[in-house]
file start.cif (mmCIF, C-alpha atoms)
data_final
loop_
_atom_site.label_atom_id
_atom_site.label_comp_id
_atom_site.auth_asym_id
_atom_site.auth_seq_id
_atom_site.Cartn_x
_atom_site.Cartn_y
_atom_site.Cartn_z
CA MET A 220 -15.73 -11.79 47.49
CA SER A 221 -16.78 -14.90 45.65
CA SER A 222 -20.52 -15.31 45.25
CA HIS A 223 -20.01 -19.02 45.96
CA GLN A 224 -18.61 -18.39 49.41
CA SER A 225 -21.25 -18.74 52.13
CA PRO A 226 -22.18 -15.44 53.75
CA ILE A 227 -22.11 -17.27 57.10
CA LYS A 228 -18.40 -17.35 57.70
CA GLU A 229 -18.38 -18.75 61.24
CA ILE A 230 -20.65 -20.66 63.61
CA GLU A 231 -19.98 -20.91 67.32
CA TRP A 232 -21.89 -22.59 70.12
CA ILE A 233 -22.11 -21.19 73.63
CA GLY A 234 -24.25 -23.56 75.67
CA SER A 235 -27.57 -23.95 73.82
CA THR A 236 -27.02 -20.73 71.84
CA VAL A 237 -25.65 -20.81 68.32
CA ILE A 238 -23.94 -17.70 66.97
CA ALA A 239 -23.81 -17.19 63.19
CA ARG A 240 -21.29 -14.58 62.10
CA VAL A 241 -22.07 -13.18 58.65
CA SER A 242 -19.83 -11.26 56.26
CA GLY A 243 -20.12 -9.40 52.95
CA ASP A 244 -22.98 -7.80 51.06
CA ILE A 245 -26.31 -9.64 51.23
CA ASP A 246 -28.19 -9.03 48.00
CA LEU A 247 -30.07 -11.08 45.41
CA ASN A 248 -26.77 -12.72 44.47
CA ARG A 249 -26.00 -14.06 47.94
CA SER A 250 -29.33 -14.19 49.74
CA PRO A 251 -30.17 -17.77 48.59
CA GLN A 252 -27.01 -19.07 50.28
CA PHE A 253 -27.63 -16.80 53.26
CA GLN A 254 -31.15 -18.13 53.73
CA HIS A 255 -30.03 -21.73 53.28
CA GLY A 256 -27.32 -21.25 55.91
CA LEU A 257 -29.70 -19.59 58.34
CA LEU A 258 -32.37 -22.27 58.06
CA GLU A 259 -29.75 -25.00 58.49
CA LEU A 260 -29.09 -23.61 61.95
CA LEU A 261 -32.50 -24.87 62.99
CA ASP A 262 -31.43 -28.46 62.29
CA ARG A 263 -28.87 -28.12 65.06
CA LYS A 264 -31.65 -27.66 67.64
CA PRO A 265 -30.43 -24.51 69.42
CA ARG A 266 -32.52 -22.76 72.08
CA ARG A 267 -31.37 -19.37 70.84
CA ILE A 268 -29.87 -18.08 67.58
CA VAL A 269 -27.72 -14.94 67.47
CA VAL A 270 -26.98 -13.57 63.98
CA ASN A 271 -23.96 -11.27 64.13
CA LEU A 272 -24.09 -8.81 61.19
CA ALA A 273 -21.03 -6.73 62.13
CA GLU A 274 -19.29 -7.53 58.83
CA VAL A 275 -22.34 -6.88 56.65
CA ARG A 276 -22.11 -3.42 55.11
CA TYR A 277 -25.04 -3.80 52.73
CA MET A 278 -28.30 -5.73 52.88
CA ASP A 279 -31.29 -5.45 50.54
CA SER A 280 -34.83 -6.73 50.96
CA SER A 281 -33.85 -10.23 49.84
CA GLY A 282 -31.47 -10.46 52.79
CA ILE A 283 -34.09 -9.08 55.13
CA ALA A 284 -36.59 -11.60 53.75
CA SER A 285 -34.20 -14.41 54.64
CA LEU A 286 -34.09 -13.19 58.23
CA VAL A 287 -37.89 -12.82 58.28
CA LYS A 288 -38.22 -16.44 57.18
CA LEU A 289 -35.86 -17.50 59.97
CA LEU A 290 -37.86 -15.39 62.45
CA SER A 291 -41.06 -17.09 61.39
CA ARG A 292 -39.53 -20.55 61.80
CA THR A 293 -38.02 -19.75 65.19
CA ARG A 294 -41.33 -18.40 66.46
CA LYS A 295 -43.14 -21.54 65.37
CA ALA A 296 -40.50 -23.67 67.09
CA GLY A 297 -40.54 -21.57 70.28
CA LEU A 298 -36.92 -20.48 69.82
CA ASN A 299 -35.32 -17.11 70.42
CA LEU A 300 -33.71 -15.15 67.55
CA ARG A 301 -31.52 -12.12 68.11
CA LEU A 302 -29.68 -9.88 65.66
CA ALA A 303 -26.47 -8.15 66.70
CA ALA A 304 -24.13 -5.38 65.54
CA LEU A 305 -26.02 -3.97 62.57
CA ASN A 306 -24.14 -1.40 60.50
CA ASP A 307 -25.83 1.79 59.32
CA GLN A 308 -27.15 0.60 55.96
CA PRO A 309 -28.72 -2.69 57.16
CA ARG A 310 -30.19 -0.87 60.17
CA LYS A 311 -31.75 1.76 57.91
CA ALA A 312 -33.18 -0.95 55.66
CA PHE A 313 -34.83 -2.58 58.69
CA GLU A 314 -36.22 0.80 59.77
CA ILE A 315 -37.62 1.64 56.30
CA THR A 316 -39.45 -1.69 56.20
CA LEU A 317 -40.60 -1.26 59.83
CA LEU A 318 -39.02 -4.61 60.65
CA ASP A 319 -36.72 -3.12 63.28
CA THR A 320 -39.57 -3.61 65.73
CA ALA A 321 -40.23 -7.23 64.72
CA PHE A 322 -36.71 -8.38 65.63
CA GLU A 323 -34.76 -8.29 68.87
CA ILE A 324 -31.78 -6.15 67.81
CA PHE A 325 -28.71 -5.63 70.01
CA SER A 326 -25.76 -3.28 69.58
CA THR A 327 -23.15 -5.97 70.15
CA GLU A 328 -22.87 -9.74 70.13
CA LYS A 329 -22.01 -9.63 73.81
CA GLU A 330 -25.28 -7.82 74.60
CA ALA A 331 -27.22 -10.31 72.50
CA LEU A 332 -25.73 -13.16 74.53
CA ALA A 333 -26.60 -11.63 77.91
CA MET B 269 -24.27 20.45 35.35
CA MET B 270 -22.26 17.28 34.82
CA TRP B 271 -25.01 14.96 33.62
CA SER B 272 -27.77 16.71 31.80
CA GLU B 273 -30.54 14.87 30.01
CA GLN B 274 -28.40 15.29 26.88
CA ALA B 275 -25.38 13.60 28.47
CA PRO B 276 -26.61 10.77 30.64
CA ILE B 277 -24.56 7.94 32.07
CA SER B 278 -25.72 4.68 30.53
CA LEU B 279 -25.10 1.19 31.83
CA ARG B 280 -26.21 -2.06 30.26
CA ILE B 281 -26.08 -5.27 32.24
CA PHE B 282 -27.47 -8.76 31.93
CA SER B 283 -30.06 -9.97 34.39
CA LEU B 284 -27.30 -11.54 36.45
CA PRO B 285 -27.47 -10.99 40.21
CA ALA B 286 -23.66 -11.06 40.27
CA GLN B 287 -23.63 -7.79 38.30
CA LEU B 288 -25.70 -5.88 40.87
CA PRO B 289 -22.68 -4.71 42.94
CA VAL B 290 -21.28 -2.96 39.84
CA VAL B 291 -24.45 -0.93 39.39
CA ARG B 292 -24.60 -0.13 43.10
CA ALA B 293 -21.02 1.19 42.94
CA ALA B 294 -21.82 3.39 39.92
CA VAL B 295 -24.96 4.81 41.54
CA GLU B 296 -23.13 5.42 44.81
CA LYS B 297 -20.35 7.33 43.04
CA THR B 298 -22.87 9.37 41.03
CA CYS B 299 -24.73 10.37 44.19
CA GLU B 300 -21.47 11.28 45.89
CA LEU B 301 -20.42 13.53 42.99
CA LEU B 302 -23.84 15.20 42.98
CA GLY B 303 -23.46 16.10 46.64
CA PHE B 304 -25.96 13.74 48.26
CA ASP B 305 -25.22 12.94 51.90
CA ASP B 306 -24.44 9.37 52.96
CA GLN B 307 -27.97 8.62 54.14
CA THR B 308 -29.62 9.81 50.92
CA THR B 309 -27.01 8.03 48.83
CA GLY B 310 -27.82 4.82 50.69
CA GLN B 311 -31.52 5.29 49.96
CA VAL B 312 -30.93 5.80 46.23
CA VAL B 313 -28.54 2.85 45.98
CA LEU B 314 -30.98 0.58 47.81
CA SER B 315 -33.88 1.72 45.60
CA VAL B 316 -31.99 0.96 42.39
CA ASP B 317 -30.94 -2.42 43.78
CA GLU B 318 -34.55 -3.25 44.69
CA ALA B 319 -35.75 -2.20 41.23
CA LEU B 320 -33.15 -4.42 39.54
CA THR B 321 -34.02 -7.30 41.85
CA ASN B 322 -37.69 -6.98 40.87
CA ILE B 323 -36.80 -6.91 37.17
CA ILE B 324 -34.67 -10.05 37.47
CA LYS B 325 -37.17 -11.95 39.63
CA HIS B 326 -40.47 -10.84 38.10
CA ALA B 327 -39.99 -9.38 34.60
CA TYR B 328 -37.36 -11.95 33.61
CA LYS B 329 -38.41 -14.74 36.01
CA SER B 330 -34.76 -15.20 37.10
CA ALA B 331 -33.41 -15.77 33.58
CA CYS B 332 -29.77 -14.62 33.59
CA ASP B 333 -29.30 -13.63 29.94
CA ARG B 334 -31.72 -10.75 29.45
CA PRO B 335 -30.73 -7.08 29.05
CA ILE B 336 -31.35 -4.30 31.54
CA GLU B 337 -30.53 -0.70 30.59
CA ILE B 338 -29.88 1.84 33.30
CA GLU B 339 -29.59 5.57 32.68
CA LEU B 340 -28.56 8.22 35.19
CA SER B 341 -29.09 11.88 34.38
CA VAL B 342 -29.85 15.18 36.02
CA LEU B 343 -33.35 16.35 35.26
CA GLU B 344 -33.45 20.12 35.00
CA THR B 345 -36.94 21.38 35.73
CA GLU B 346 -38.37 24.73 36.63
CA ALA B 347 -39.18 23.30 40.03
CA LEU B 348 -36.49 21.12 41.60
CA PRO B 349 -33.54 19.65 39.70
CA ALA B 350 -33.31 15.96 40.39
CA LEU B 351 -31.28 12.85 39.75
CA ARG B 352 -33.32 10.76 37.35
CA ILE B 353 -32.74 7.02 37.14
CA SER B 354 -34.38 5.04 34.36
CA LEU B 355 -34.42 1.25 34.23
CA ARG B 356 -35.57 -0.41 31.06
CA ASP B 357 -36.31 -4.11 30.70
CA TYR B 358 -37.74 -6.20 27.88
CA GLY B 359 -39.61 -8.69 30.04
CA CYS B 360 -43.20 -9.28 31.07
CA TRP B 361 -45.25 -6.13 31.54
CA VAL B 362 -46.63 -5.97 35.05
CA ASP B 363 -49.77 -3.93 35.58
CA PRO B 364 -48.77 -0.99 37.85
CA SER B 365 -51.95 -1.45 39.85
CA LEU B 366 -50.52 -4.83 40.88
CA ILE B 367 -47.17 -3.29 41.86
CA ARG B 368 -47.84 -2.04 45.33
CA SER B 369 -46.41 -2.19 48.79
CA ARG B 370 -47.82 -4.81 51.08
CA ASP B 371 -49.04 -4.23 54.61
CA LEU B 372 -45.80 -4.03 56.58
CA HIS B 373 -47.55 -5.18 59.71
CA ASP B 374 -47.95 -8.54 58.01
CA ILE B 375 -44.52 -9.92 58.89
CA ARG B 376 -43.52 -12.26 56.09
CA PRO B 377 -40.79 -12.44 53.44
CA GLY B 378 -41.25 -10.67 50.09
CA GLY B 379 -43.00 -7.57 48.80
CA LEU B 380 -40.65 -5.12 50.50
CA GLY B 381 -38.87 -3.75 47.43
CA VAL B 382 -41.70 -1.54 46.16
CA HIS B 383 -42.21 -0.11 49.63
CA ILE B 384 -38.50 0.71 49.85
CA MET B 385 -38.48 2.46 46.45
CA LYS B 386 -41.57 4.54 47.20
CA ASN B 387 -40.29 5.42 50.64
CA CYS B 388 -36.77 6.39 49.57
CA MET B 389 -37.32 8.15 46.24
CA ASP B 390 -39.23 11.36 45.46
CA SER B 391 -41.05 9.78 42.53
CA VAL B 392 -41.48 6.27 41.14
CA ASP B 393 -43.20 5.77 37.80
CA TYR B 394 -43.83 2.55 35.88
CA ARG B 395 -44.92 2.61 32.27
CA GLN B 396 -45.13 0.21 29.38
CA ALA B 397 -42.12 0.77 27.12
CA ASP B 398 -42.28 1.13 23.37
CA GLY B 399 -41.47 -2.27 21.91
CA GLY B 400 -42.46 -4.18 25.03
CA GLY B 401 -41.19 -4.43 28.56
CA THR B 402 -41.24 -1.80 31.26
CA LEU B 403 -39.64 1.59 31.76
CA LEU B 404 -39.25 2.43 35.43
CA THR B 405 -38.26 6.02 36.19
CA MET B 406 -37.34 7.19 39.67
CA THR B 407 -36.19 10.64 40.76
CA LYS B 408 -34.47 12.05 43.80
CA ASN B 409 -34.33 15.81 44.25
CA LEU B 410 -30.80 17.17 44.36
CA PRO B 411 -29.46 18.56 47.63
CA VAL B 412 -29.66 22.35 47.92
CA GLN B 413 -25.93 23.01 47.44
CA ALA B 414 -25.93 21.04 44.18
CA ARG B 415 -28.89 23.04 42.85
CA GLU B 416 -26.95 26.24 43.42
CA ALA B 417 -23.71 24.97 41.83
#
call {"tool": "encode", "arguments": {"input": "start.cif", "output": "structure tokens"}}
result
Amino acid sequence: MSSHQSPIKEIEWIGSTVIARVSGDIDLNRSPQFQHGLLELLDRKPRRIVVNLAEVRYMDSSGIASLVKLLSRTRKAGLNLRLAALNDQPRKAFEITLLDTAFEIFSTEKEALA
Amino acid sequence: MMWSEQAPISLRIFSLPAQLPVVRAAVEKTCELLGFDDQTTGQVVLSVDEALTNIIKHAYKSACDRPIEIELSVLETEALPALRISLRDYGCWVDPSLIRSRDLHDIRPGGLGVHIMKNCMDSVDYRQADGGGTLLTMTKNLPVQAREA
């Protein structure tokens, strides 16, 4: 996968919820674009953001930090952020850093939209 | 044993984030061949990735043209044999007392890499390298079946 390709491969709106579907490894190489793409979602004034990580097989602390920054911004703005469909490695990384309890994490995108 | 201290696997990369997936793949394959389970392999791979990220961001201040040497070997000791991973950089020395995990209850970006390494590896040791820079050595004890092989 090209490092120049945005990790956010698809954005979909359902009502006032924006869904960002992410793909590929999120590491130091791609986290700047990942964070930029995530924070751009705020400009679109959603009520809720769902980040679908089903196609992310690997995420390091720089990727997690991008999501923490988005969480901080959404909290300040009174918005709701949900993560969906984490694979084993990203889920473990969240658990190791104890951030699995800071985020609302759902098994599937459908559950996150309920 | 395949990779004794006398026959390590050596990798040399530049401080380019785009080269990190290559190192991750090599570490993953090494762990697989040594008999680590998937979960432990994931911990080792993530720890090496976090160490390299810290070198690039802090020791080299995101410069892309500086060398990083990585060495994988099996450390045979009288106690537990272990996979030993050494990472050598030639950047700014960072006082180990300043390299510490932050309070994880303080939810903010950054500072997670050291916590991950200390949590996932059996030992993490920073020391000033001869000639400047830092030598980071991490170990992970081998699984029981590999010790008996």
call {"tool": "closest_residue", "arguments": {"input": "start.cif", "among": "B:Gly303, B:Arg356, B:Thr298, B:Ala350", "to": "B:Leu320", "atoms": "only C-alpha atoms"}}
result
B:Arg356
call {"tool": "atom_distance", "arguments": {"input": "start.cif", "atom1": "atom CA of A:Arg294", "atom2": "atom CA of A:Ile315"}}
result
22.8 Å
call {"tool": "resolve_selection", "arguments": {"input": "start.cif", "expression": "the PyMOL selection byres ((chain B) within 10 of (chain A))", "output": "ChimeraX atom specification"}}
result
/B:284-289,306-307,310-311,313-315,317-318,320-322,324-325,372-373,375-385,387-388
call {"tool": "atom_distance", "arguments": {"input": "start.cif", "atom1": "atom CA of A:Ile233", "atom2": "atom CA of A:Glu274"}}
result
20.3 Å
call {"tool": "atom_distance", "arguments": {"input": "start.cif", "atom1": "atom CA of A:Gln254", "atom2": "atom CA of A:Phe322"}}
result
16.4 Å
call {"tool": "resolve_selection", "arguments": {"input": "start.cif", "expression": "the PyMOL selection byres ((chain B and resi 396) around 10)", "output": "VMD selection string"}}
result
chain B and resid 356 to 358 360 to 364 394 to 395 397 to 404
call {"tool": "closest_residue", "arguments": {"input": "start.cif", "among": "A:Val275, A:Ile238, A:Leu257, A:Ile245", "to": "A:Lys329", "atoms": "only C-alpha atoms"}}
result
A:Ile238
call {"tool": "resolve_selection", "arguments": {"input": "start.cif", "expression": "the PyMOL selection byres ((chain A and resi 234) around 10)", "output": "number ranges by chain"}}
result
A: 231-233, 235-237, 265-267
call {"tool": "write_last_selection", "arguments": {"input": "start.cif", "atoms": "C-alpha atoms", "output": "PDB file, in the coordinates of the input"}}
result
ATOM      1  CA  GLU A 231     -19.980 -20.910  67.320  1.00  0.00           C
ATOM      2  CA  TRP A 232     -21.890 -22.590  70.120  1.00  0.00           C
ATOM      3  CA  ILE A 233     -22.110 -21.190  73.630  1.00  0.00           C
ATOM      4  CA  SER A 235     -27.570 -23.950  73.820  1.00  0.00           C
ATOM      5  CA  THR A 236     -27.020 -20.730  71.840  1.00  0.00           C
ATOM      6  CA  VAL A 237     -25.650 -20.810  68.320  1.00  0.00           C
ATOM      7  CA  PRO A 265     -30.430 -24.510  69.420  1.00  0.00           C
ATOM      8  CA  ARG A 266     -32.520 -22.760  72.080  1.00  0.00           C
ATOM      9  CA  ARG A 267     -31.370 -19.370  70.840  1.00  0.00           C
TER      10      ARG A 267
END
call {"tool": "residues_around", "arguments": {"input": "start.cif", "residues": "stretch 338-348 of chain B", "least_positions_apart": "5", "cutoff": "12 Å", "atoms": "all atoms listed in the file", "output": "PyMOL selection string"}}
result
chain B and resi 269-283+288+290-292+294-299+301-302+312+316-317+319-320+323+353-357+390+403-412+414-416
call {"tool": "axis_aligned_box", "arguments": {"input": "start.cif", "around": "stretch 408-412 of chain B", "padding_each_side": "3 Å", "output": "AutoDock Vina command-line options"}}
result
--center_x -32.0 --center_y 17.2 --center_z 45.9 --size_x 11.0 --size_y 16.3 --size_z 10.1
call {"tool": "closest_residue", "arguments": {"input": "start.cif", "among": "A:Ile230, A:Leu302, A:Ile324, A:Ala333", "to": "A:Glu259", "atoms": "only C-alpha atoms"}}
result
A:Ile230
call {"tool": "build_atoms", "arguments": {"input": "start.cif", "residues": "stretch 287-298 of chain B", "atoms": "all heavy atoms", "output": "tab-separated table (two decimals), keeping the file's coordinate frame"}}
result
chain	number	residue	atom	x	y	z
B	287	GLN	N	-24.00	-9.11	38.83
B	287	GLN	CA	-23.63	-7.79	38.30
B	287	GLN	C	-24.23	-6.63	39.11
B	287	GLN	O	-23.89	-5.47	38.86
B	287	GLN	CB	-24.06	-7.68	36.83
B	287	GLN	CG	-23.28	-8.66	35.94
B	287	GLN	CD	-23.54	-8.48	34.45
B	287	GLN	OE1	-24.42	-7.73	34.05
B	287	GLN	NE2	-22.78	-9.18	33.63
B	288	LEU	N	-25.07	-6.95	40.08
B	288	LEU	CA	-25.70	-5.88	40.87
B	288	LEU	C	-24.69	-5.01	41.63
B	288	LEU	O	-24.87	-3.78	41.70
B	288	LEU	CB	-26.73	-6.47	41.84
B	288	LEU	CG	-27.95	-7.15	41.20
B	288	LEU	CD1	-28.90	-7.68	42.27
B	288	LEU	CD2	-28.67	-6.18	40.29
B	289	PRO	N	-23.63	-5.58	42.21
B	289	PRO	CA	-22.68	-4.71	42.94
B	289	PRO	C	-22.05	-3.64	42.05
B	289	PRO	O	-21.70	-2.56	42.52
B	289	PRO	CB	-21.63	-5.70	43.46
B	289	PRO	CG	-22.35	-7.01	43.54
B	289	PRO	CD	-23.30	-7.02	42.37
B	290	VAL	N	-21.88	-3.94	40.76
B	290	VAL	CA	-21.28	-2.96	39.84
B	290	VAL	C	-22.20	-1.76	39.67
B	290	VAL	O	-21.76	-0.60	39.70
B	290	VAL	CB	-21.00	-3.63	38.47
B	290	VAL	CG1	-20.44	-2.60	37.49
B	290	VAL	CG2	-20.06	-4.81	38.62
B	291	VAL	N	-23.49	-2.03	39.53
B	291	VAL	CA	-24.45	-0.93	39.39
B	291	VAL	C	-24.53	-0.13	40.70
B	291	VAL	O	-24.54	1.10	40.68
B	291	VAL	CB	-25.86	-1.47	39.02
B	291	VAL	CG1	-26.84	-0.32	38.88
B	291	VAL	CG2	-25.78	-2.27	37.72
B	292	ARG	N	-24.54	-0.84	41.81
B	292	ARG	CA	-24.60	-0.13	43.10
B	292	ARG	C	-23.40	0.82	43.23
B	292	ARG	O	-23.55	1.96	43.69
B	292	ARG	CB	-24.60	-1.13	44.26
B	292	ARG	CG	-25.89	-1.92	44.39
B	292	ARG	CD	-26.05	-2.47	45.81
B	292	ARG	NE	-25.01	-3.38	46.21
B	292	ARG	CZ	-25.05	-4.70	46.05
B	292	ARG	NH1	-26.09	-5.26	45.46
B	292	ARG	NH2	-24.06	-5.47	46.47
B	293	ALA	N	-22.22	0.35	42.83
B	293	ALA	CA	-21.02	1.19	42.94
B	293	ALA	C	-21.15	2.42	42.04
B	293	ALA	O	-20.77	3.54	42.45
B	293	ALA	CB	-19.80	0.37	42.56
B	294	ALA	N	-21.68	2.25	40.85
B	294	ALA	CA	-21.82	3.39	39.92
B	294	ALA	C	-22.84	4.40	40.46
B	294	ALA	O	-22.62	5.62	40.39
B	294	ALA	CB	-22.25	2.89	38.55
B	295	VAL	N	-23.93	3.91	41.00
B	295	VAL	CA	-24.96	4.81	41.54
B	295	VAL	C	-24.42	5.54	42.77
B	295	VAL	O	-24.64	6.75	42.95
B	295	VAL	CB	-26.25	4.02	41.88
B	295	VAL	CG1	-27.26	4.91	42.60
B	295	VAL	CG2	-26.86	3.43	40.61
B	296	GLU	N	-23.71	4.80	43.60
B	296	GLU	CA	-23.13	5.42	44.81
B	296	GLU	C	-22.18	6.56	44.43
B	296	GLU	O	-22.23	7.65	45.01
B	296	GLU	CB	-22.41	4.36	45.64
B	296	GLU	CG	-21.84	4.92	46.95
B	296	GLU	CD	-21.24	3.83	47.82
B	296	GLU	OE1	-21.00	2.71	47.32
B	296	GLU	OE2	-21.00	4.11	49.01
B	297	LYS	N	-21.31	6.30	43.45
B	297	LYS	CA	-20.35	7.33	43.04
B	297	LYS	C	-21.07	8.54	42.44
B	297	LYS	O	-20.70	9.70	42.68
B	297	LYS	CB	-19.36	6.74	42.02
B	297	LYS	CG	-18.17	7.63	41.75
B	297	LYS	CD	-17.32	7.77	43.02
B	297	LYS	CE	-16.15	8.71	42.83
B	297	LYS	NZ	-15.40	8.88	44.09
B	298	THR	N	-22.09	8.28	41.64
B	298	THR	CA	-22.87	9.37	41.03
B	298	THR	C	-23.48	10.25	42.13
B	298	THR	O	-23.41	11.49	42.06
B	298	THR	CB	-23.98	8.79	40.13
B	298	THR	OG1	-23.37	7.99	39.11
B	298	THR	CG2	-24.79	9.89	39.49
